[in-house]
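Q: Next comes the structure file work.cif, holding mmCIF, C-alpha atoms.
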data_entry
#
loop_
_atom_site.group_PDB
_atom_site.id
_atom_site.type_symbol
_atom_site.label_atom_id
_atom_site.label_comp_id
_atom_site.auth_asym_id
_atom_site.auth_seq_id
_atom_site.Cartn_x
_atom_site.Cartn_y
_atom_site.Cartn_z
ATOM 1 C CA MET A 760 0.000 0.000 0.000
ATOM 2 C CA ALA A 761 1.388 3.386 -0.985
ATOM 3 C CA THR A 762 2.029 6.040 1.645
ATOM 4 C CA ARG A 763 -0.626 8.318 0.123
ATOM 5 C CA GLN A 764 -3.279 5.579 0.292
ATOM 6 C CA ALA A 765 -2.350 4.786 3.905
ATOM 7 C CA LEU A 766 -2.637 8.472 4.814
ATOM 8 C CA LEU A 767 -6.030 8.739 3.110
ATOM 9 C CA LEU A 768 -7.317 5.659 4.934
ATOM 10 C CA GLY A 769 -6.084 7.135 8.227
ATOM 11 C CA LEU A 770 -7.792 10.423 7.400
ATOM 12 C CA GLY A 771 -10.962 8.496 6.563
ATOM 13 C CA LEU A 772 -10.872 6.806 9.949
ATOM 14 C CA GLY A 773 -10.596 10.229 11.583
ATOM 15 C CA VAL A 774 -13.637 11.488 9.636
ATOM 16 C CA LEU A 775 -15.526 8.328 10.589
ATOM 17 C CA LEU A 776 -14.796 8.930 14.283
ATOM 18 C CA LEU A 777 -16.084 12.490 13.871
ATOM 19 C CA CYS A 778 -19.300 11.185 12.248
ATOM 20 C CA LEU A 779 -19.749 8.702 15.091
ATOM 21 C CA ALA A 780 -19.397 11.507 17.648
ATOM 22 C CA LEU A 781 -21.856 13.741 15.777
ATOM 23 C CA SER A 782 -24.329 10.870 15.477
ATOM 24 C CA LEU A 783 -24.210 10.375 19.256
ATOM 25 C CA ALA A 784 -24.453 14.085 20.073
ATOM 26 C CA LEU A 785 -26.820 15.702 17.546
ATOM 27 C CA GLY A 786 -30.527 15.380 16.959
ATOM 28 C CA SER A 787 -33.805 16.859 18.131
ATOM 29 C CA ARG A 788 -32.107 17.025 21.551
ATOM 30 C CA SER A 789 -28.459 18.020 21.340
ATOM 31 C CA VAL A 790 -26.202 16.454 23.951
ATOM 32 C CA PRO A 791 -22.822 18.021 24.865
ATOM 33 C CA LEU A 792 -19.840 15.877 23.911
ATOM 34 C CA PRO A 793 -18.578 15.564 27.534
ATOM 35 C CA THR A 794 -21.985 14.151 28.458
ATOM 36 C CA VAL A 795 -21.765 11.709 25.542
ATOM 37 C CA LEU A 796 -18.362 10.531 26.743
ATOM 38 C CA HIS A 797 -19.670 10.246 30.292
ATOM 39 C CA ALA A 798 -22.609 8.164 29.067
ATOM 40 C CA LEU A 799 -20.283 5.836 27.150
ATOM 41 C CA PHE A 800 -17.415 5.469 29.606
ATOM 42 C CA GLY A 801 -18.492 6.955 32.915
ATOM 43 C CA GLY A 802 -21.486 4.795 33.664
ATOM 44 C CA GLY A 803 -23.914 7.736 33.468
ATOM 45 C CA ARG A 804 -26.509 8.828 35.958
ATOM 46 C CA HIS A 805 -29.746 6.922 36.130
ATOM 47 C CA GLY A 806 -32.650 9.145 35.179
ATOM 48 C CA ASP A 807 -30.563 11.802 33.400
ATOM 49 C CA PRO A 808 -32.466 12.552 30.149
ATOM 50 C CA ASP A 809 -29.273 13.229 28.156
ATOM 51 C CA ILE A 810 -27.735 9.950 29.298
ATOM 52 C CA GLU A 811 -30.930 8.080 28.461
ATOM 53 C CA VAL A 812 -31.012 9.599 24.963
ATOM 54 C CA VAL A 813 -27.399 8.625 24.258
ATOM 55 C CA THR A 814 -27.446 5.091 25.645
ATOM 56 C CA GLY A 815 -31.025 4.158 24.795
ATOM 57 C CA LEU A 816 -31.474 5.737 21.358
ATOM 58 C CA ARG A 817 -28.301 7.068 19.784
ATOM 59 C CA VAL A 818 -25.856 4.234 20.523
ATOM 60 C CA PRO A 819 -28.029 1.581 18.792
ATOM 61 C CA ARG A 820 -28.748 3.961 15.910
ATOM 62 C CA THR A 821 -25.072 4.796 15.448
ATOM 63 C CA VAL A 822 -23.950 1.168 15.600
ATOM 64 C CA LEU A 823 -26.574 0.204 13.014
ATOM 65 C CA GLY A 824 -25.419 3.062 10.780
ATOM 66 C CA LEU A 825 -21.826 1.876 11.081
ATOM 67 C CA VAL A 826 -22.663 -1.726 10.182
ATOM 68 C CA VAL A 827 -25.183 -0.982 7.424
ATOM 69 C CA GLY A 828 -22.968 1.674 5.836
ATOM 70 C CA ALA A 829 -19.975 -0.670 5.784
ATOM 71 C CA ALA A 830 -22.063 -3.483 4.277
ATOM 72 C CA LEU A 831 -23.486 -1.247 1.536
ATOM 73 C CA GLY A 832 -20.088 0.260 0.742
ATOM 74 C CA ALA A 833 -18.424 -3.156 0.448
ATOM 75 C CA ALA A 834 -21.333 -4.576 -1.578
ATOM 76 C CA GLY A 835 -21.092 -1.684 -4.037
ATOM 77 C CA ALA A 836 -17.317 -2.066 -4.445
ATOM 78 C CA ILE A 837 -17.590 -5.798 -5.151
ATOM 79 C CA ALA A 838 -20.580 -5.342 -7.488
ATOM 80 C CA GLN A 839 -18.752 -2.718 -9.548
ATOM 81 C CA GLY A 840 -15.572 -4.798 -9.691
ATOM 82 C CA ALA A 841 -17.278 -8.071 -10.602
ATOM 83 C CA THR A 842 -19.436 -6.519 -13.348
ATOM 84 C CA ARG A 843 -16.869 -3.947 -14.535
ATOM 85 C CA ASN A 844 -19.700 -1.465 -14.394
ATOM 86 C CA PRO A 845 -19.093 1.850 -12.563
ATOM 87 C CA LEU A 846 -22.840 2.293 -12.014
ATOM 88 C CA ALA A 847 -23.405 -1.125 -10.440
ATOM 89 C CA SER A 848 -24.698 -1.218 -6.871
ATOM 90 C CA PRO A 849 -27.188 -3.306 -4.880
ATOM 91 C CA THR A 850 -29.849 -0.784 -5.909
ATOM 92 C CA THR A 851 -29.147 -0.631 -9.646
ATOM 93 C CA LEU A 852 -28.737 -4.421 -9.879
ATOM 94 C CA GLY A 853 -32.178 -4.979 -8.364
ATOM 95 C CA VAL A 854 -30.863 -6.694 -5.234
ATOM 96 C CA ASN A 855 -32.424 -4.184 -2.823
ATOM 97 C CA ALA A 856 -35.737 -4.274 -4.689
ATOM 98 C CA GLY A 857 -35.766 -8.091 -4.542
ATOM 99 C CA ALA A 858 -35.158 -8.070 -0.808
ATOM 100 C CA SER A 859 -37.854 -5.434 -0.287
ATOM 101 C CA PHE A 860 -40.424 -7.313 -2.367
ATOM 102 C CA ALA A 861 -39.754 -10.544 -0.468
ATOM 103 C CA VAL A 862 -40.091 -8.821 2.913
ATOM 104 C CA VAL A 863 -43.322 -7.032 1.986
ATOM 105 C CA THR A 864 -44.714 -10.272 0.566
ATOM 106 C CA ALA A 865 -43.885 -11.999 3.852
ATOM 107 C CA ILE A 866 -45.570 -9.206 5.809
ATOM 108 C CA TYR A 867 -48.624 -9.491 3.548
ATOM 109 C CA ALA A 868 -48.903 -13.290 3.532
ATOM 110 C CA LEU A 869 -47.441 -14.325 6.900
ATOM 111 C CA ARG A 870 -48.290 -11.229 8.952
ATOM 112 C CA LEU A 871 -44.733 -10.681 10.153
ATOM 113 C CA THR A 872 -44.287 -7.660 12.384
ATOM 114 C CA ARG A 873 -40.688 -7.627 13.656
ATOM 115 C CA PRO A 874 -37.514 -6.742 11.714
ATOM 116 C CA VAL A 875 -35.735 -9.820 13.122
ATOM 117 C CA GLU A 876 -38.286 -11.940 11.250
ATOM 118 C CA TYR A 877 -37.488 -10.310 7.903
ATOM 119 C CA VAL A 878 -33.903 -11.509 7.554
ATOM 120 C CA TRP A 879 -34.260 -14.740 5.632
ATOM 121 C CA PHE A 880 -36.930 -13.333 3.351
ATOM 122 C CA ALA A 881 -34.610 -10.427 2.537
ATOM 123 C CA VAL A 882 -31.767 -12.828 1.753
ATOM 124 C CA ALA A 883 -33.971 -15.046 -0.419
ATOM 125 C CA GLY A 884 -35.424 -12.081 -2.302
ATOM 126 C CA ALA A 885 -32.000 -10.530 -2.862
ATOM 127 C CA ALA A 886 -30.569 -13.841 -4.125
ATOM 128 C CA LEU A 887 -33.447 -14.455 -6.547
ATOM 129 C CA ALA A 888 -33.253 -10.902 -7.889
ATOM 130 C CA ALA A 889 -29.480 -11.167 -8.387
ATOM 131 C CA CYS A 890 -29.893 -14.473 -10.256
ATOM 132 C CA ALA A 891 -32.656 -13.010 -12.441
ATOM 133 C CA ALA A 892 -30.592 -9.921 -13.338
ATOM 134 C CA HIS A 893 -27.578 -12.144 -14.047
ATOM 135 C CA ALA A 894 -29.657 -14.418 -16.314
ATOM 136 C CA MET A 895 -30.963 -11.428 -18.281
ATOM 137 C CA ALA A 896 -27.411 -10.116 -18.771
ATOM 138 C CA ARG A 897 -25.827 -13.282 -20.099
ATOM 139 C CA ARG A 898 -25.289 -13.423 -23.831
ATOM 140 C CA SER A 899 -23.527 -16.301 -25.551
ATOM 141 C CA GLY A 900 -22.062 -17.377 -22.243
ATOM 142 C CA ASP A 901 -20.528 -13.953 -21.459
ATOM 143 C CA LEU A 902 -21.719 -11.401 -18.929
ATOM 144 C CA ASP A 903 -22.522 -8.047 -20.526
ATOM 145 C CA PRO A 904 -22.091 -5.264 -17.889
ATOM 146 C CA THR A 905 -24.416 -2.890 -19.745
ATOM 147 C CA ARG A 906 -27.150 -5.506 -20.053
ATOM 148 C CA LEU A 907 -26.652 -6.372 -16.379
ATOM 149 C CA ALA A 908 -27.281 -2.765 -15.303
ATOM 150 C CA LEU A 909 -30.240 -2.477 -17.691
ATOM 151 C CA GLY A 910 -31.715 -5.799 -16.530
ATOM 152 C CA GLY A 911 -31.245 -4.848 -12.888
ATOM 153 C CA THR A 912 -32.942 -1.496 -13.414
ATOM 154 C CA VAL A 913 -35.896 -3.087 -15.217
ATOM 155 C CA LEU A 914 -36.169 -5.762 -12.524
ATOM 156 C CA ALA A 915 -36.030 -3.146 -9.754
ATOM 157 C CA THR A 916 -38.793 -1.151 -11.448
ATOM 158 C CA VAL A 917 -41.051 -4.193 -11.800
ATOM 159 C CA LEU A 918 -40.455 -5.401 -8.232
ATOM 160 C CA THR A 919 -41.017 -1.928 -6.822
ATOM 161 C CA SER A 920 -44.355 -1.771 -8.643
ATOM 162 C CA TRP A 921 -45.372 -5.168 -7.252
ATOM 163 C CA THR A 922 -44.294 -4.075 -3.783
ATOM 164 C CA SER A 923 -46.466 -0.952 -4.046
ATOM 165 C CA ALA A 924 -49.405 -3.041 -5.271
ATOM 166 C CA LEU A 925 -49.155 -5.351 -2.248
ATOM 167 C CA MET A 926 -49.083 -2.398 0.117
ATOM 168 C CA LEU A 927 -52.105 -0.819 -1.547
ATOM 169 C CA ALA A 928 -53.963 -4.140 -1.344
ATOM 170 C CA SER A 929 -53.598 -4.374 2.428
ATOM 171 C CA ARG A 930 -53.811 -1.519 4.904
ATOM 172 C CA ARG A 931 -52.073 -3.660 7.531
ATOM 173 C CA THR A 932 -49.163 -4.356 5.164
ATOM 174 C CA LEU A 933 -48.956 -0.665 4.344
ATOM 175 C CA ASP A 934 -48.808 0.263 8.026
ATOM 176 C CA GLU A 935 -46.170 -2.376 8.807
ATOM 177 C CA ALA A 936 -43.909 -1.828 5.818
ATOM 178 C CA ARG A 937 -44.038 1.838 4.899
ATOM 179 C CA PHE A 938 -41.527 3.103 7.484
ATOM 180 C CA TRP A 939 -39.209 0.160 6.857
ATOM 181 C CA LEU A 940 -39.311 0.703 3.080
ATOM 182 C CA VAL A 941 -38.274 4.344 3.400
ATOM 183 C CA GLY A 942 -34.968 3.189 4.871
ATOM 184 C CA SER A 943 -34.311 4.231 8.441
ATOM 185 C CA LEU A 944 -31.966 3.666 11.378
ATOM 186 C CA ASP A 945 -34.476 4.994 13.894
ATOM 187 C CA GLY A 946 -36.516 2.755 16.187
ATOM 188 C CA ARG A 947 -34.431 -0.378 15.664
ATOM 189 C CA GLY A 948 -32.629 -1.944 18.567
ATOM 190 C CA LEU A 949 -29.327 -3.776 18.432
ATOM 191 C CA GLU A 950 -31.215 -7.074 18.628
ATOM 192 C CA VAL A 951 -31.921 -6.850 14.882
ATOM 193 C CA LEU A 952 -28.189 -7.342 14.269
ATOM 194 C CA ALA A 953 -28.027 -10.771 15.920
ATOM 195 C CA PRO A 954 -29.460 -12.832 13.036
ATOM 196 C CA VAL A 955 -27.813 -10.619 10.413
ATOM 197 C CA LEU A 956 -24.226 -10.453 11.678
ATOM 198 C CA PRO A 957 -23.235 -13.986 10.575
ATOM 199 C CA LEU A 958 -24.452 -13.211 7.059
ATOM 200 C CA LEU A 959 -22.614 -9.905 6.958
ATOM 201 C CA LEU A 960 -19.407 -11.447 8.271
ATOM 202 C CA LEU A 961 -19.596 -14.257 5.697
ATOM 203 C CA GLY A 962 -20.242 -11.715 2.960
ATOM 204 C CA LEU A 963 -17.263 -9.650 4.128
ATOM 205 C CA VAL A 964 -14.965 -12.690 4.201
ATOM 206 C CA LEU A 965 -16.014 -13.594 0.652
ATOM 207 C CA ALA A 966 -15.496 -9.987 -0.461
ATOM 208 C CA ILE A 967 -11.966 -9.942 0.991
ATOM 209 C CA ALA A 968 -11.237 -13.285 -0.664
ATOM 210 C CA VAL A 969 -12.214 -12.150 -4.178
ATOM 211 C CA ALA A 970 -10.828 -8.598 -3.990
ATOM 212 C CA PRO A 971 -7.357 -9.443 -5.450
ATOM 213 C CA ALA A 972 -8.919 -11.385 -8.329
ATOM 214 C CA LEU A 973 -11.175 -8.451 -9.198
ATOM 215 C CA ASN A 974 -8.050 -6.511 -10.197
ATOM 216 C CA ALA A 975 -7.382 -9.109 -12.887
ATOM 217 C CA LEU A 976 -11.063 -9.213 -13.854
ATOM 218 C CA ALA A 977 -10.895 -5.479 -14.582
ATOM 219 C CA LEU A 978 -8.627 -6.343 -17.558
ATOM 220 C CA GLY A 979 -11.423 -8.380 -19.164
ATOM 221 C CA ASP A 980 -12.527 -11.981 -18.941
ATOM 222 C CA GLU A 981 -10.049 -13.301 -21.509
ATOM 223 C CA ALA A 982 -7.073 -11.526 -19.942
ATOM 224 C CA ALA A 983 -8.110 -12.678 -16.472
ATOM 225 C CA GLN A 984 -8.383 -16.290 -17.667
ATOM 226 C CA ALA A 985 -4.949 -15.978 -19.274
ATOM 227 C CA LEU A 986 -3.620 -14.931 -15.854
ATOM 228 C CA GLY A 987 -5.092 -18.084 -14.319
ATOM 229 C CA VAL A 988 -8.128 -16.472 -12.685
ATOM 230 C CA PRO A 989 -11.215 -18.757 -12.589
ATOM 231 C CA VAL A 990 -13.581 -16.065 -13.845
ATOM 232 C CA ALA A 991 -16.881 -17.872 -13.371
ATOM 233 C CA ARG A 992 -16.036 -18.970 -9.835
ATOM 234 C CA ILE A 993 -14.777 -15.508 -8.827
ATOM 235 C CA ARG A 994 -17.878 -13.848 -10.263
ATOM 236 C CA ALA A 995 -20.192 -16.312 -8.493
ATOM 237 C CA THR A 996 -18.372 -15.769 -5.189
ATOM 238 C CA ALA A 997 -18.522 -12.009 -5.652
ATOM 239 C CA GLY A 998 -22.242 -12.236 -6.426
ATOM 240 C CA LEU A 999 -22.842 -14.234 -3.255
ATOM 241 C CA ALA A 1000 -20.899 -11.646 -1.242
ATOM 242 C CA VAL A 1001 -23.011 -8.824 -2.690
ATOM 243 C CA VAL A 1002 -26.245 -10.688 -1.935
ATOM 244 C CA LEU A 1003 -25.259 -11.413 1.682
ATOM 245 C CA LEU A 1004 -24.033 -7.887 2.374
ATOM 246 C CA ALA A 1005 -26.942 -6.109 0.665
ATOM 247 C CA ALA A 1006 -29.620 -8.418 2.047
ATOM 248 C CA GLY A 1007 -28.256 -8.080 5.579
ATOM 249 C CA ALA A 1008 -28.237 -4.297 5.276
ATOM 250 C CA VAL A 1009 -31.774 -4.219 3.855
ATOM 251 C CA ALA A 1010 -33.069 -6.522 6.580
ATOM 252 C CA VAL A 1011 -31.723 -4.161 9.249
ATOM 253 C CA ALA A 1012 -32.529 -0.728 7.859
ATOM 254 C CA GLY A 1013 -34.698 -1.170 4.776
ATOM 255 C CA PRO A 1014 -33.626 -0.333 1.219
ATOM 256 C CA ILE A 1015 -31.257 2.653 1.421
ATOM 257 C CA ALA A 1016 -30.244 3.924 -1.986
ATOM 258 C CA PHE A 1017 -27.030 5.389 -3.374
ATOM 259 C CA VAL A 1018 -24.632 4.592 -0.504
ATOM 260 C CA GLY A 1019 -23.602 1.391 -2.319
ATOM 261 C CA LEU A 1020 -23.071 3.412 -5.487
ATOM 262 C CA ALA A 1021 -21.495 6.575 -4.144
ATOM 263 C CA ALA A 1022 -19.039 5.135 -1.616
ATOM 264 C CA PRO A 1023 -17.078 2.985 -4.134
ATOM 265 C CA ARG A 1024 -17.079 5.758 -6.724
ATOM 266 C CA LEU A 1025 -15.733 8.350 -4.298
ATOM 267 C CA CYS A 1026 -13.209 5.907 -2.823
ATOM 268 C CA ARG A 1027 -12.051 4.943 -6.310
ATOM 269 C CA LEU A 1028 -11.353 8.605 -7.076
ATOM 270 C CA LEU A 1029 -9.263 8.957 -3.912
ATOM 271 C CA LEU A 1030 -7.610 5.545 -3.562
ATOM 272 C CA GLY A 1031 -7.409 4.189 -7.108
ATOM 273 C CA ASN A 1032 -8.690 0.940 -8.588
ATOM 274 C CA ASP A 1033 -6.798 -1.652 -6.536
ATOM 275 C CA HIS A 1034 -9.588 -3.588 -4.800
ATOM 276 C CA ARG A 1035 -7.232 -4.611 -1.994
ATOM 277 C CA VAL A 1036 -7.202 -0.931 -0.958
ATOM 278 C CA LEU A 1037 -10.603 0.040 -2.336
ATOM 279 C CA LEU A 1038 -12.484 -2.472 -0.178
ATOM 280 C CA PRO A 1039 -11.180 -1.167 3.183
ATOM 281 C CA GLY A 1040 -11.770 2.342 1.884
ATOM 282 C CA CYS A 1041 -15.433 1.495 1.238
ATOM 283 C CA LEU A 1042 -15.759 -0.085 4.688
ATOM 284 C CA ILE A 1043 -14.840 3.370 5.999
ATOM 285 C CA GLY A 1044 -16.530 5.526 3.351
ATOM 286 C CA GLY A 1045 -19.923 3.776 3.455
ATOM 287 C CA PRO A 1046 -20.518 4.493 7.172
ATOM 288 C CA ILE A 1047 -19.298 8.068 6.724
ATOM 289 C CA LEU A 1048 -21.909 8.728 4.029
ATOM 290 C CA LEU A 1049 -24.718 6.955 5.874
ATOM 291 C CA LEU A 1050 -24.047 8.513 9.283
ATOM 292 C CA ALA A 1051 -23.596 11.981 7.773
ATOM 293 C CA ALA A 1052 -26.930 11.624 5.925
ATOM 294 C CA ASP A 1053 -28.631 10.377 9.097
ATOM 295 C CA VAL A 1054 -27.334 13.311 11.150
ATOM 296 C CA LEU A 1055 -28.364 15.753 8.413
ATOM 297 C CA GLY A 1056 -31.863 14.241 8.373
ATOM 298 C CA ARG A 1057 -32.168 14.859 12.125
ATOM 299 C CA LEU A 1058 -31.192 18.517 11.829
ATOM 300 C CA VAL A 1059 -32.903 19.931 8.731
ATOM 301 C CA ILE A 1060 -36.460 19.918 10.105
ATOM 302 C CA ARG A 1061 -35.700 19.739 13.833
ATOM 303 C CA PRO A 1062 -37.423 18.843 16.174
ATOM 304 C CA SER A 1063 -38.876 16.377 13.625
ATOM 305 C CA GLU A 1064 -36.561 14.481 11.250
ATOM 306 C CA LEU A 1065 -36.202 13.006 7.772
ATOM 307 C CA GLU A 1066 -35.533 9.286 7.414
ATOM 308 C CA VAL A 1067 -32.003 8.545 6.225
ATOM 309 C CA GLY A 1068 -33.337 6.791 3.097
ATOM 310 C CA ILE A 1069 -35.025 10.037 2.026
ATOM 311 C CA VAL A 1070 -31.840 12.051 2.579
ATOM 312 C CA THR A 1071 -29.631 9.637 0.617
ATOM 313 C CA ALA A 1072 -32.154 9.547 -2.224
ATOM 314 C CA PHE A 1073 -32.375 13.349 -2.283
ATOM 315 C CA LEU A 1074 -28.600 13.764 -2.340
ATOM 316 C CA GLY A 1075 -27.868 10.688 -4.441
ATOM 317 C CA ALA A 1076 -30.066 11.440 -7.437
ATOM 318 C CA PRO A 1077 -27.885 14.353 -8.681
ATOM 319 C CA LEU A 1078 -24.777 12.268 -7.987
ATOM 320 C CA LEU A 1079 -26.141 9.394 -10.078
ATOM 321 C CA ALA A 1080 -26.859 11.817 -12.935
ATOM 322 C CA VAL A 1081 -23.262 13.106 -12.812
ATOM 323 C CA LEU A 1082 -21.792 9.591 -12.683
ATOM 324 C CA ALA A 1083 -24.012 8.401 -15.532
ATOM 325 C CA ARG A 1084 -22.930 11.377 -17.623
ATOM 326 C CA LYS A 1085 -19.258 10.639 -16.996
ATOM 327 C CA ALA A 1086 -19.730 6.943 -17.676
ATOM 328 C CA ALA A 1087 -21.401 7.706 -21.013
ATOM 329 C CA ARG A 1088 -18.342 9.676 -22.240
#
Render the structure in this file as structure tokens.
A:
Amino acid sequence: MATRQALLLGLGLGVLLLCLALSLALGSRSVPLPTVLHALFGGGRHGDPDIEVVTGLRVPRTVLGLVVGAALGAAGAIAQGATRNPLASPTTLGVNAGASFAVVTAIYALRLTRPVEYVWFAVAGAALAACAAHAMARRSGDLDPTRLALGGTVLATVLTSWTSALMLASRRTLDEARFWLVGSLDGRGLEVLAPVLPLLLLGLVLAIAVAPALNALALGDEAAQALGVPVARIRATAGLAVVLLAAGAVAVAGPIAFVGLAAPRLCRLLLGNDHRVLLPGCLIGGPILLLAADVLGRLVIRPSELEVGIVTAFLGAPLLAVLARKAAR
């Protein structure tokens, strides 16, 4: 790793620590930083409202933002590397839409009410959507990155329409799913991480394992095969990593757009295209983007707040337009 990349990763860690502190301190009720530190390390005082806010609400929210942001950032980096498509992400490949449709279907048919019950439906929906997008993109045995993005976008549009239809067909489903579908870190305890963490850790291990091979894959399938890279196996492993990471993130916080797209793109600009460096960069950059958007959503209409999924969509749409314009050149 070059000195410049190491310095940038260290700087990123500093920014991440700042975002963590802001996430613990800011909101409809601002808490002084010394009080935050006292709540975390000093044991706190029972009955103190500031301490209760930090330990009961902001710590779980911040931890979820850290985990979900890292999962989305890593999933986006692997998706872009495996497909050689700079616009690939769990959202544009239809993975998030598949997970959302499966969860809403489960809420509609099985009357599920708790996020911890959504996990396996999210994983199954994400896997099926990824397989469907992959099948639509294959042509004469080769994977066409453009067709993959187009197929994923079409699939996401169709699944989103079906998801909306299910919610309109059932008032109970609408009430249960609408806040989850917006994408939010609020109101979810740390217990939702328990069933998801093994999936996220497995997805991260697979992502780390395929990262060096993605550098060869960037040269093209034929060149990668000439270098001894088993292209089909690497791409299948990368796809499984993306499904596990994206599905775990969706199960925890709902479908949050653009973090999986923006974090790898920004990290690639700063750190270069070596996936051995890019992946740790995205594990830092994803949480920075998600936590910053969450804090912004708490402040813009205080004392109320915007869900983080709304903020990322609002900020991400212009970014996607810029990236698409650059990619078309």
Q: Do you know which residues the PyMOL selection byres ((chain A and resi 1053) around 8) returns on this file, as a list of chain:residue names?
A: A:Ser782, A:Leu944, A:Leu1049, A:Leu1050, A:Ala1051, A:Ala1052, A:Val1054, A:Leu1055, A:Gly1056, A:Arg1057, A:Glu1066, A:Val1067, A:Val1070
Q: Mind listing whatever residues come within 12 Å of the point (-40.9, -11.5, 10.4)? Use only C-alpha atoms, file coordinates, and give them as a list in words.
A: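 Within 12 Å of (-40.9, -11.5, 10.4), the protein and nucleic acid residues are Ala861, Val862, Val863, Thr864, Ala865, Ile866, Tyr867, Ala868, Leu869, Arg870, Leu871, Thr872, Arg873, Pro874, Val875, Glu876, Tyr877, Val878, Trp879, Phe880, Ala881, Glu935, Ala936, Val951, Pro954, Ala1010 and Val1011 of chain A.
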Q: Please write the residues from the selection above to a file, keeping C-alpha atoms, as an mmCIF file, keeping the file's coordinate frame.
A:
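Ended up saving to part_27.cif:
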data_model
loop_
_atom_site.group_PDB
_atom_site.id
_atom_site.type_symbol
_atom_site.label_atom_id
_atom_site.label_comp_id
_atom_site.auth_asym_id
_atom_site.auth_seq_id
_atom_site.Cartn_x
_atom_site.Cartn_y
_atom_site.Cartn_z
ATOM 1 C CA ALA A 861 -39.754 -10.544 -0.468
ATOM 2 C CA VAL A 862 -40.091 -8.821 2.913
ATOM 3 C CA VAL A 863 -43.322 -7.032 1.986
ATOM 4 C CA THR A 864 -44.714 -10.272 0.566
ATOM 5 C CA ALA A 865 -43.885 -11.999 3.852
ATOM 6 C CA ILE A 866 -45.570 -9.206 5.809
ATOM 7 C CA TYR A 867 -48.624 -9.491 3.548
ATOM 8 C CA ALA A 868 -48.903 -13.290 3.532
ATOM 9 C CA LEU A 869 -47.441 -14.325 6.900
ATOM 10 C CA ARG A 870 -48.290 -11.229 8.952
ATOM 11 C CA LEU A 871 -44.733 -10.681 10.153
ATOM 12 C CA THR A 872 -44.287 -7.660 12.384
ATOM 13 C CA ARG A 873 -40.688 -7.627 13.656
ATOM 14 C CA PRO A 874 -37.514 -6.742 11.714
ATOM 15 C CA VAL A 875 -35.735 -9.820 13.122
ATOM 16 C CA GLU A 876 -38.286 -11.940 11.250
ATOM 17 C CA TYR A 877 -37.488 -10.310 7.903
ATOM 18 C CA VAL A 878 -33.903 -11.509 7.554
ATOM 19 C CA TRP A 879 -34.260 -14.740 5.632
ATOM 20 C CA PHE A 880 -36.930 -13.333 3.351
ATOM 21 C CA ALA A 881 -34.610 -10.427 2.537
ATOM 22 C CA GLU A 935 -46.170 -2.376 8.807
ATOM 23 C CA ALA A 936 -43.909 -1.828 5.818
ATOM 24 C CA VAL A 951 -31.921 -6.850 14.882
ATOM 25 C CA PRO A 954 -29.460 -12.832 13.036
ATOM 26 C CA ALA A 1010 -33.069 -6.522 6.580
ATOM 27 C CA VAL A 1011 -31.723 -4.161 9.249
#
Q: Restrict the calculation to all atoms listed in the file, then for each residue of range 911-1004 of chain A with any atom at most 8 Å from an atom of range 1032-1042 of chain A give the closest atom pair and their distance in Å to one decimal, rows by chain and rising residue number, as CSV.
A:
residue,atom,partner,partner_atom,distance
A:Ile967,CA,A:Leu1038,CA,7.6
A:Ala970,CA,A:His1034,CA,5.2
A:Pro971,CA,A:Arg1035,CA,5.9
A:Leu973,CA,A:His1034,CA,6.7
A:Asn974,CA,A:Asp1033,CA,6.2
Q: Mind writing the picked residues with C-alpha atoms as a PDB file, in the frame of the given file?
A:
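result_4.pdb, written as the output of this step:
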ATOM      1  CA  ILE A 967     -11.966  -9.942   0.991  1.00  0.00           C
ATOM      2  CA  ALA A 970     -10.828  -8.598  -3.990  1.00  0.00           C
ATOM      3  CA  PRO A 971      -7.357  -9.443  -5.450  1.00  0.00           C
ATOM      4  CA  LEU A 973     -11.175  -8.451  -9.198  1.00  0.00           C
ATOM      5  CA  ASN A 974      -8.050  -6.511 -10.197  1.00  0.00           C
TER       6      ASN A 974
END
Q: Using CA of Leu783 in chain A and CA of Cys1026 in chain A as the two end points, give the distance in Å to one decimal.
A: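 Straight-line distance from CA of Leu783 in chain A to CA of Cys1026 in chain A works out to 25.1 Å.
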Q: Need to verify the contact set: Thr912 in chain A, 8 Å, only C-alpha atoms, exclusion of same-chain residues closer than 6 positions in sequence. Can you return it as a list in words?
A: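 My reading of the contact set: Thr851, Leu852 and Gly853 of chain A.
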Q: Out of A:Leu1030, A:Leu785, A:Val854, A:Val882, which residue has the shortest atom-to-atom distance to Arg763 in chain A when counting all atoms listed in the file?
A: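 That would be A:Leu1030, the residue with the smallest distance to Arg763 in chain A.
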Q: Which of these residues is nearest to Leu940 in chain A, using all atoms listed in the file: A:Ala856, A:Leu777, A:Ala833, A:Ala838?
A: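 Nearest to Leu940 in chain A: A:Ala856.
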Q: Please determine, counting all atoms listed in the file, which residue among A:Leu767, A:Ala1076, A:Leu999, A:Leu823 has the shortest atom-to-atom distance to Asp945 in chain A.
A: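 Of the candidates, the smallest distance to Asp945 in chain A is held by A:Leu823.
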Q: Using all atoms listed in the file, find the one residue out of A:Gly987, A:Pro791, A:Pro957, A:Gly857 that sits nearest to Gly911 in chain A.
A: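 Closest residue, counting all atoms listed in the file: A:Gly857.
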Q: Which residues of range 864-966 of chain A sit at most 12 Å from range 804-822 of chain A, using all atoms listed in the file? Give each one's shortest atom pair and distance in Å (one decimal place), in chain and ascending residue order, as JSON lines.
A:
{"residue": "A:Ser943", "atom": "CA", "partner": "A:Arg820", "partner_atom": "CA", "distance": 9.3}
{"residue": "A:Leu944", "atom": "CA", "partner": "A:Arg820", "partner_atom": "CA", "distance": 5.6}
{"residue": "A:Asp945", "atom": "CA", "partner": "A:Arg820", "partner_atom": "CA", "distance": 6.2}
{"residue": "A:Gly946", "atom": "CA", "partner": "A:Leu816", "partner_atom": "CA", "distance": 7.8}
{"residue": "A:Arg947", "atom": "CA", "partner": "A:Arg820", "partner_atom": "CA", "distance": 7.2}
{"residue": "A:Gly948", "atom": "CA", "partner": "A:Pro819", "partner_atom": "CA", "distance": 5.8}
{"residue": "A:Leu949", "atom": "CA", "partner": "A:Pro819", "partner_atom": "CA", "distance": 5.5}
{"residue": "A:Glu950", "atom": "CA", "partner": "A:Pro819", "partner_atom": "CA", "distance": 9.2}
{"residue": "A:Val951", "atom": "CA", "partner": "A:Pro819", "partner_atom": "CA", "distance": 10.1}
{"residue": "A:Leu952", "atom": "CA", "partner": "A:Val822", "partner_atom": "CA", "distance": 9.6}
